[in-house]
file structure_34.cif (mmCIF, C-alpha atoms, pLDDT in the B column; chains and numbers go by the auth columns)
data_structure
loop_
_atom_site.group_PDB
_atom_site.id
_atom_site.type_symbol
_atom_site.label_atom_id
_atom_site.label_comp_id
_atom_site.label_asym_id
_atom_site.label_seq_id
_atom_site.Cartn_x
_atom_site.Cartn_y
_atom_site.Cartn_z
_atom_site.B_iso_or_equiv
_atom_site.auth_seq_id
_atom_site.auth_asym_id
ATOM 1 C CA MET A 1 -56.764 -110.950 20.817 44.00 1 A
ATOM 2 C CA GLY A 2 -56.722 -112.988 24.027 47.00 2 A
ATOM 3 C CA GLN A 3 -56.579 -111.706 27.574 49.00 3 A
ATOM 4 C CA THR A 4 -53.237 -111.661 29.331 49.00 4 A
ATOM 5 C CA GLY A 5 -52.226 -111.011 32.904 50.00 5 A
ATOM 6 C CA THR A 6 -49.632 -111.500 35.573 54.00 6 A
ATOM 7 C CA ASN A 7 -49.607 -112.365 39.246 59.00 7 A
ATOM 8 C CA HIS A 8 -46.558 -110.216 39.904 68.00 8 A
ATOM 9 C CA MET A 9 -46.030 -106.476 40.220 75.00 9 A
ATOM 10 C CA PRO A 10 -43.487 -104.978 37.770 79.00 10 A
ATOM 11 C CA PRO A 11 -39.843 -105.207 38.840 82.00 11 A
ATOM 12 C CA SER A 12 -37.088 -102.792 37.778 84.00 12 A
ATOM 13 C CA TYR A 13 -33.528 -103.351 36.549 83.00 13 A
ATOM 14 C CA ASP A 14 -30.687 -101.010 37.534 83.00 14 A
ATOM 15 C CA PRO A 15 -27.942 -101.382 34.865 82.00 15 A
ATOM 16 C CA VAL A 16 -25.458 -99.238 36.811 80.00 16 A
ATOM 17 C CA LEU A 17 -25.571 -101.427 39.929 80.00 17 A
ATOM 18 C CA GLY A 18 -26.433 -104.569 37.960 82.00 18 A
ATOM 19 C CA CYS A 19 -29.359 -105.548 40.140 82.00 19 A
ATOM 20 C CA LEU A 20 -33.002 -106.393 39.631 79.00 20 A
ATOM 21 C CA ARG A 21 -35.296 -104.770 42.157 80.00 21 A
ATOM 22 C CA ASP A 22 -38.372 -106.742 43.113 77.00 22 A
ATOM 23 C CA GLY A 23 -41.151 -105.733 45.469 70.00 23 A
ATOM 24 C CA SER A 24 -43.530 -108.603 46.137 66.00 24 A
ATOM 25 C CA GLU A 25 -43.915 -111.364 48.722 70.00 25 A
ATOM 26 C CA THR A 26 -47.179 -112.875 49.902 73.00 26 A
ATOM 27 C CA CYS A 27 -48.951 -116.133 50.582 75.00 27 A
ATOM 28 C CA ALA A 28 -52.560 -116.443 49.405 78.00 28 A
ATOM 29 C CA THR A 29 -55.135 -118.877 48.067 82.00 29 A
ATOM 30 C CA TYR A 30 -56.909 -118.108 44.799 79.00 30 A
ATOM 31 C CA PHE A 31 -60.559 -119.127 44.417 83.00 31 A
ATOM 32 C CA PRO A 32 -61.774 -119.058 40.785 81.00 32 A
ATOM 33 C CA SER A 33 -65.239 -117.889 39.788 77.00 33 A
ATOM 34 C CA LYS A 34 -67.303 -118.287 36.642 73.00 34 A
ATOM 35 C CA LYS A 35 -68.275 -114.612 36.446 69.00 35 A
ATOM 36 C CA LYS A 36 -67.730 -113.270 32.947 69.00 36 A
ATOM 37 C CA SER A 37 -66.642 -109.687 32.428 67.00 37 A
ATOM 38 C CA GLY A 38 -67.997 -107.393 29.761 70.00 38 A
ATOM 39 C CA PRO A 39 -66.328 -104.685 27.679 75.00 39 A
ATOM 40 C CA ALA A 40 -64.315 -102.181 29.762 73.00 40 A
ATOM 41 C CA GLU A 41 -64.836 -104.219 32.963 71.00 41 A
ATOM 42 C CA ALA A 42 -61.900 -105.367 35.041 67.00 42 A
ATOM 43 C CA SER A 43 -61.990 -108.989 36.115 64.00 43 A
ATOM 44 C CA VAL A 44 -59.571 -111.289 37.895 64.00 44 A
ATOM 45 C CA MET A 45 -61.945 -114.243 37.368 74.00 45 A
ATOM 46 C CA GLY A 46 -61.930 -115.053 41.059 77.00 46 A
ATOM 47 C CA THR A 47 -60.931 -113.876 44.483 78.00 47 A
ATOM 48 C CA VAL A 48 -57.829 -114.134 46.664 77.00 48 A
ATOM 49 C CA GLN A 49 -57.702 -114.825 50.388 82.00 49 A
ATOM 50 C CA ARG A 50 -54.380 -113.717 51.902 79.00 50 A
ATOM 51 C CA ASP A 51 -52.695 -115.683 54.699 82.00 51 A
ATOM 52 C CA ALA A 52 -52.032 -112.805 57.121 79.00 52 A
ATOM 53 C CA ASP A 53 -49.631 -114.849 59.276 81.00 53 A
ATOM 54 C CA ARG A 54 -47.214 -115.552 56.396 79.00 54 A
ATOM 55 C CA SER A 55 -47.622 -112.429 54.250 79.00 55 A
ATOM 56 C CA TYR A 56 -45.454 -109.326 54.163 81.00 56 A
ATOM 57 C CA GLY A 57 -44.121 -106.847 51.640 81.00 57 A
ATOM 58 C CA VAL A 58 -40.494 -106.646 50.620 82.00 58 A
ATOM 59 C CA LEU A 59 -38.231 -104.633 48.349 83.00 59 A
ATOM 60 C CA ARG A 60 -35.257 -106.762 47.288 83.00 60 A
ATOM 61 C CA ALA A 61 -32.109 -106.136 45.269 84.00 61 A
ATOM 62 C CA LEU A 62 -31.537 -109.362 43.311 82.00 62 A
ATOM 63 C CA ASP A 63 -28.399 -110.386 41.427 83.00 63 A
ATOM 64 C CA PRO A 64 -29.537 -111.465 37.922 80.00 64 A
ATOM 65 C CA THR A 65 -26.244 -113.316 37.300 83.00 65 A
ATOM 66 C CA THR A 66 -27.081 -115.808 40.062 81.00 66 A
ATOM 67 C CA VAL A 67 -30.302 -117.676 40.740 72.00 67 A
ATOM 68 C CA GLY A 68 -31.937 -114.596 42.249 68.00 68 A
ATOM 69 C CA GLU A 69 -29.524 -114.214 45.177 75.00 69 A
ATOM 70 C CA ALA A 70 -30.646 -111.232 47.266 79.00 70 A
ATOM 71 C CA ASN A 71 -28.106 -108.449 47.908 81.00 71 A
ATOM 72 C CA GLY A 72 -30.331 -106.690 50.413 83.00 72 A
ATOM 73 C CA GLU A 73 -33.973 -106.186 51.308 85.00 73 A
ATOM 74 C CA PHE A 74 -36.395 -103.880 53.086 85.00 74 A
ATOM 75 C CA LYS A 75 -39.503 -105.474 54.641 85.00 75 A
ATOM 76 C CA TYR A 76 -42.973 -103.943 54.886 82.00 76 A
ATOM 77 C CA PRO A 77 -45.566 -105.229 57.420 83.00 77 A
ATOM 78 C CA THR A 78 -48.111 -105.968 54.661 80.00 78 A
ATOM 79 C CA PRO A 79 -47.806 -107.141 51.026 77.00 79 A
ATOM 80 C CA THR A 80 -46.891 -104.518 48.473 76.00 80 A
ATOM 81 C CA MET A 81 -49.267 -103.934 45.592 75.00 81 A
ATOM 82 C CA ALA A 82 -47.129 -101.636 43.467 78.00 82 A
ATOM 83 C CA GLY A 83 -44.183 -101.996 41.134 81.00 83 A
ATOM 84 C CA VAL A 84 -40.626 -100.730 41.486 85.00 84 A
ATOM 85 C CA MET A 85 -38.857 -97.984 39.522 86.00 85 A
ATOM 86 C CA SER A 86 -35.078 -97.442 39.429 87.00 86 A
ATOM 87 C CA THR A 87 -33.579 -94.166 38.217 87.00 87 A
ATOM 88 C CA ALA A 88 -30.239 -93.501 36.527 84.00 88 A
ATOM 89 C CA SER A 89 -29.083 -91.661 39.668 84.00 89 A
ATOM 90 C CA GLY A 90 -29.571 -94.766 41.835 82.00 90 A
ATOM 91 C CA VAL A 91 -32.822 -93.662 43.491 86.00 91 A
ATOM 92 C CA VAL A 92 -35.412 -96.445 43.792 85.00 92 A
ATOM 93 C CA PHE A 93 -39.154 -95.849 44.139 86.00 93 A
ATOM 94 C CA ALA A 94 -41.482 -98.539 45.486 82.00 94 A
ATOM 95 C CA GLY A 95 -45.058 -98.335 46.683 74.00 95 A
ATOM 96 C CA ARG A 96 -46.981 -100.065 49.404 67.00 96 A
#
call {"tool": "encode", "arguments": {"input": "structure_34.cif", "output": "structure tokens"}}
result
Amino acid sequence: MGQTGTNHMPPSYDPVLGCLRDGSETCATYFPSKKKSGPAEASVMGTVQRDADRSYGVLRALDPTTVGEANGEFKYPTPTMAGVMSTASGVVFAGR
């Protein structure tokens, strides 16, 4: 089995409101490394240097029937490193 990964925190879909909630926005440069990881060791195979002048966090409500048109957003001063969870009652949880 190969290794898999993502560069995006998990979004959430609200079927009642029909919107996808996304919580990630940042600008960074990735520098790869040749370090190999062993069993039970986490590895991103490199390091990331964030551009502090152009990075911020955001929670957006996106319309999935368009090309990701935003229906609203809430900005955080720094990038968010957590996913989003929508509940059946319309409450949305997002971390920072």
call {"tool": "resolve_selection", "arguments": {"input": "structure_34.cif", "expression": "the PyMOL selection byres ((chain A and resi 29) around 8)", "output": "list in words"}}
result
Cys27, Ala28, Tyr30, Phe31, Val48, Gln49, Arg50 and Asp51 of chain A
call {"tool": "closest_residue", "arguments": {"input": "structure_34.cif", "among": "A:Pro15, A:Pro64, A:Glu69, A:Lys34", "to": "Ser89 (chain A)", "atoms": "all atoms listed in the file"}}
result
A:Pro15
call {"tool": "atom_distance", "arguments": {"input": "structure_34.cif", "atom1": "CA of Thr26 (chain A)", "atom2": "CA of Asp53 (chain A)"}}
result
9.9 Å
call {"tool": "closest_residue", "arguments": {"input": "structure_34.cif", "among": "A:Gly72, A:Thr78, A:Gly18, A:Gly95", "to": "Arg54 (chain A)", "atoms": "only C-alpha atoms"}}
result
A:Thr78
call {"tool": "atom_distance", "arguments": {"input": "structure_34.cif", "atom1": "CA of Val92 (chain A)", "atom2": "CA of Thr66 (chain A)"}}
result
21.4 Å
call {"tool": "residues_near_point", "arguments": {"input": "structure_34.cif", "point": "(-33.0, -99.1, 55.2)", "cutoff": "12 Å", "atoms": "all atoms listed in the file", "output": "ChimeraX atom specification"}}
result
/A:58-60,72-76,92
call {"tool": "resolve_selection", "arguments": {"input": "structure_34.cif", "expression": "the PyMOL selection byres ((chain A and resi 14) around 12)", "output": "list in words"}}
result
Pro11, Ser12, Tyr13, Pro15, Val16, Leu17, Gly18, Cys19, Leu20, Arg21, Asp22, Ala61, Leu62, Asp63, Pro64, Val84, Met85, Ser86, Thr87, Ala88, Ser89, Gly90, Val91, Val92 and Phe93 of chain A
call {"tool": "write_last_selection", "arguments": {"input": "structure_34.cif", "atoms": "C-alpha atoms", "output": "PDB file, keeping the file's coordinate frame"}}
result
ATOM      1  CA  PRO A  11     -39.843-105.207  38.840  1.00 82.00           C
ATOM      2  CA  SER A  12     -37.088-102.792  37.778  1.00 84.00           C
ATOM      3  CA  TYR A  13     -33.528-103.351  36.549  1.00 83.00           C
ATOM      4  CA  PRO A  15     -27.942-101.382  34.865  1.00 82.00           C
ATOM      5  CA  VAL A  16     -25.458 -99.238  36.811  1.00 80.00           C
ATOM      6  CA  LEU A  17     -25.571-101.427  39.929  1.00 80.00           C
ATOM      7  CA  GLY A  18     -26.433-104.569  37.960  1.00 82.00           C
ATOM      8  CA  CYS A  19     -29.359-105.548  40.140  1.00 82.00           C
ATOM      9  CA  LEU A  20     -33.002-106.393  39.631  1.00 79.00           C
ATOM     10  CA  ARG A  21     -35.296-104.770  42.157  1.00 80.00           C
ATOM     11  CA  ASP A  22     -38.372-106.742  43.113  1.00 77.00           C
ATOM     12  CA  ALA A  61     -32.109-106.136  45.269  1.00 84.00           C
ATOM     13  CA  LEU A  62     -31.537-109.362  43.311  1.00 82.00           C
ATOM     14  CA  ASP A  63     -28.399-110.386  41.427  1.00 83.00           C
ATOM     15  CA  PRO A  64     -29.537-111.465  37.922  1.00 80.00           C
ATOM     16  CA  VAL A  84     -40.626-100.730  41.486  1.00 85.00           C
ATOM     17  CA  MET A  85     -38.857 -97.984  39.522  1.00 86.00           C
ATOM     18  CA  SER A  86     -35.078 -97.442  39.429  1.00 87.00           C
ATOM     19  CA  THR A  87     -33.579 -94.166  38.217  1.00 87.00           C
ATOM     20  CA  ALA A  88     -30.239 -93.501  36.527  1.00 84.00           C
ATOM     21  CA  SER A  89     -29.083 -91.661  39.668  1.00 84.00           C
ATOM     22  CA  GLY A  90     -29.571 -94.766  41.835  1.00 82.00           C
ATOM     23  CA  VAL A  91     -32.822 -93.662  43.491  1.00 86.00           C
ATOM     24  CA  VAL A  92     -35.412 -96.445  43.792  1.00 85.00           C
ATOM     25  CA  PHE A  93     -39.154 -95.849  44.139  1.00 86.00           C
TER      26      PHE A  93
END
call {"tool": "atom_distance", "arguments": {"input": "structure_34.cif", "atom1": "CA of Gly57 (chain A)", "atom2": "CA of Ser33 (chain A)"}}
result
26.6 Å
call {"tool": "closest_residue", "arguments": {"input": "structure_34.cif", "among": "A:Pro10, A:Gly23, A:Pro39, A:Gly46", "to": "Pro79 (chain A)", "atoms": "only C-alpha atoms"}}
result
A:Gly23
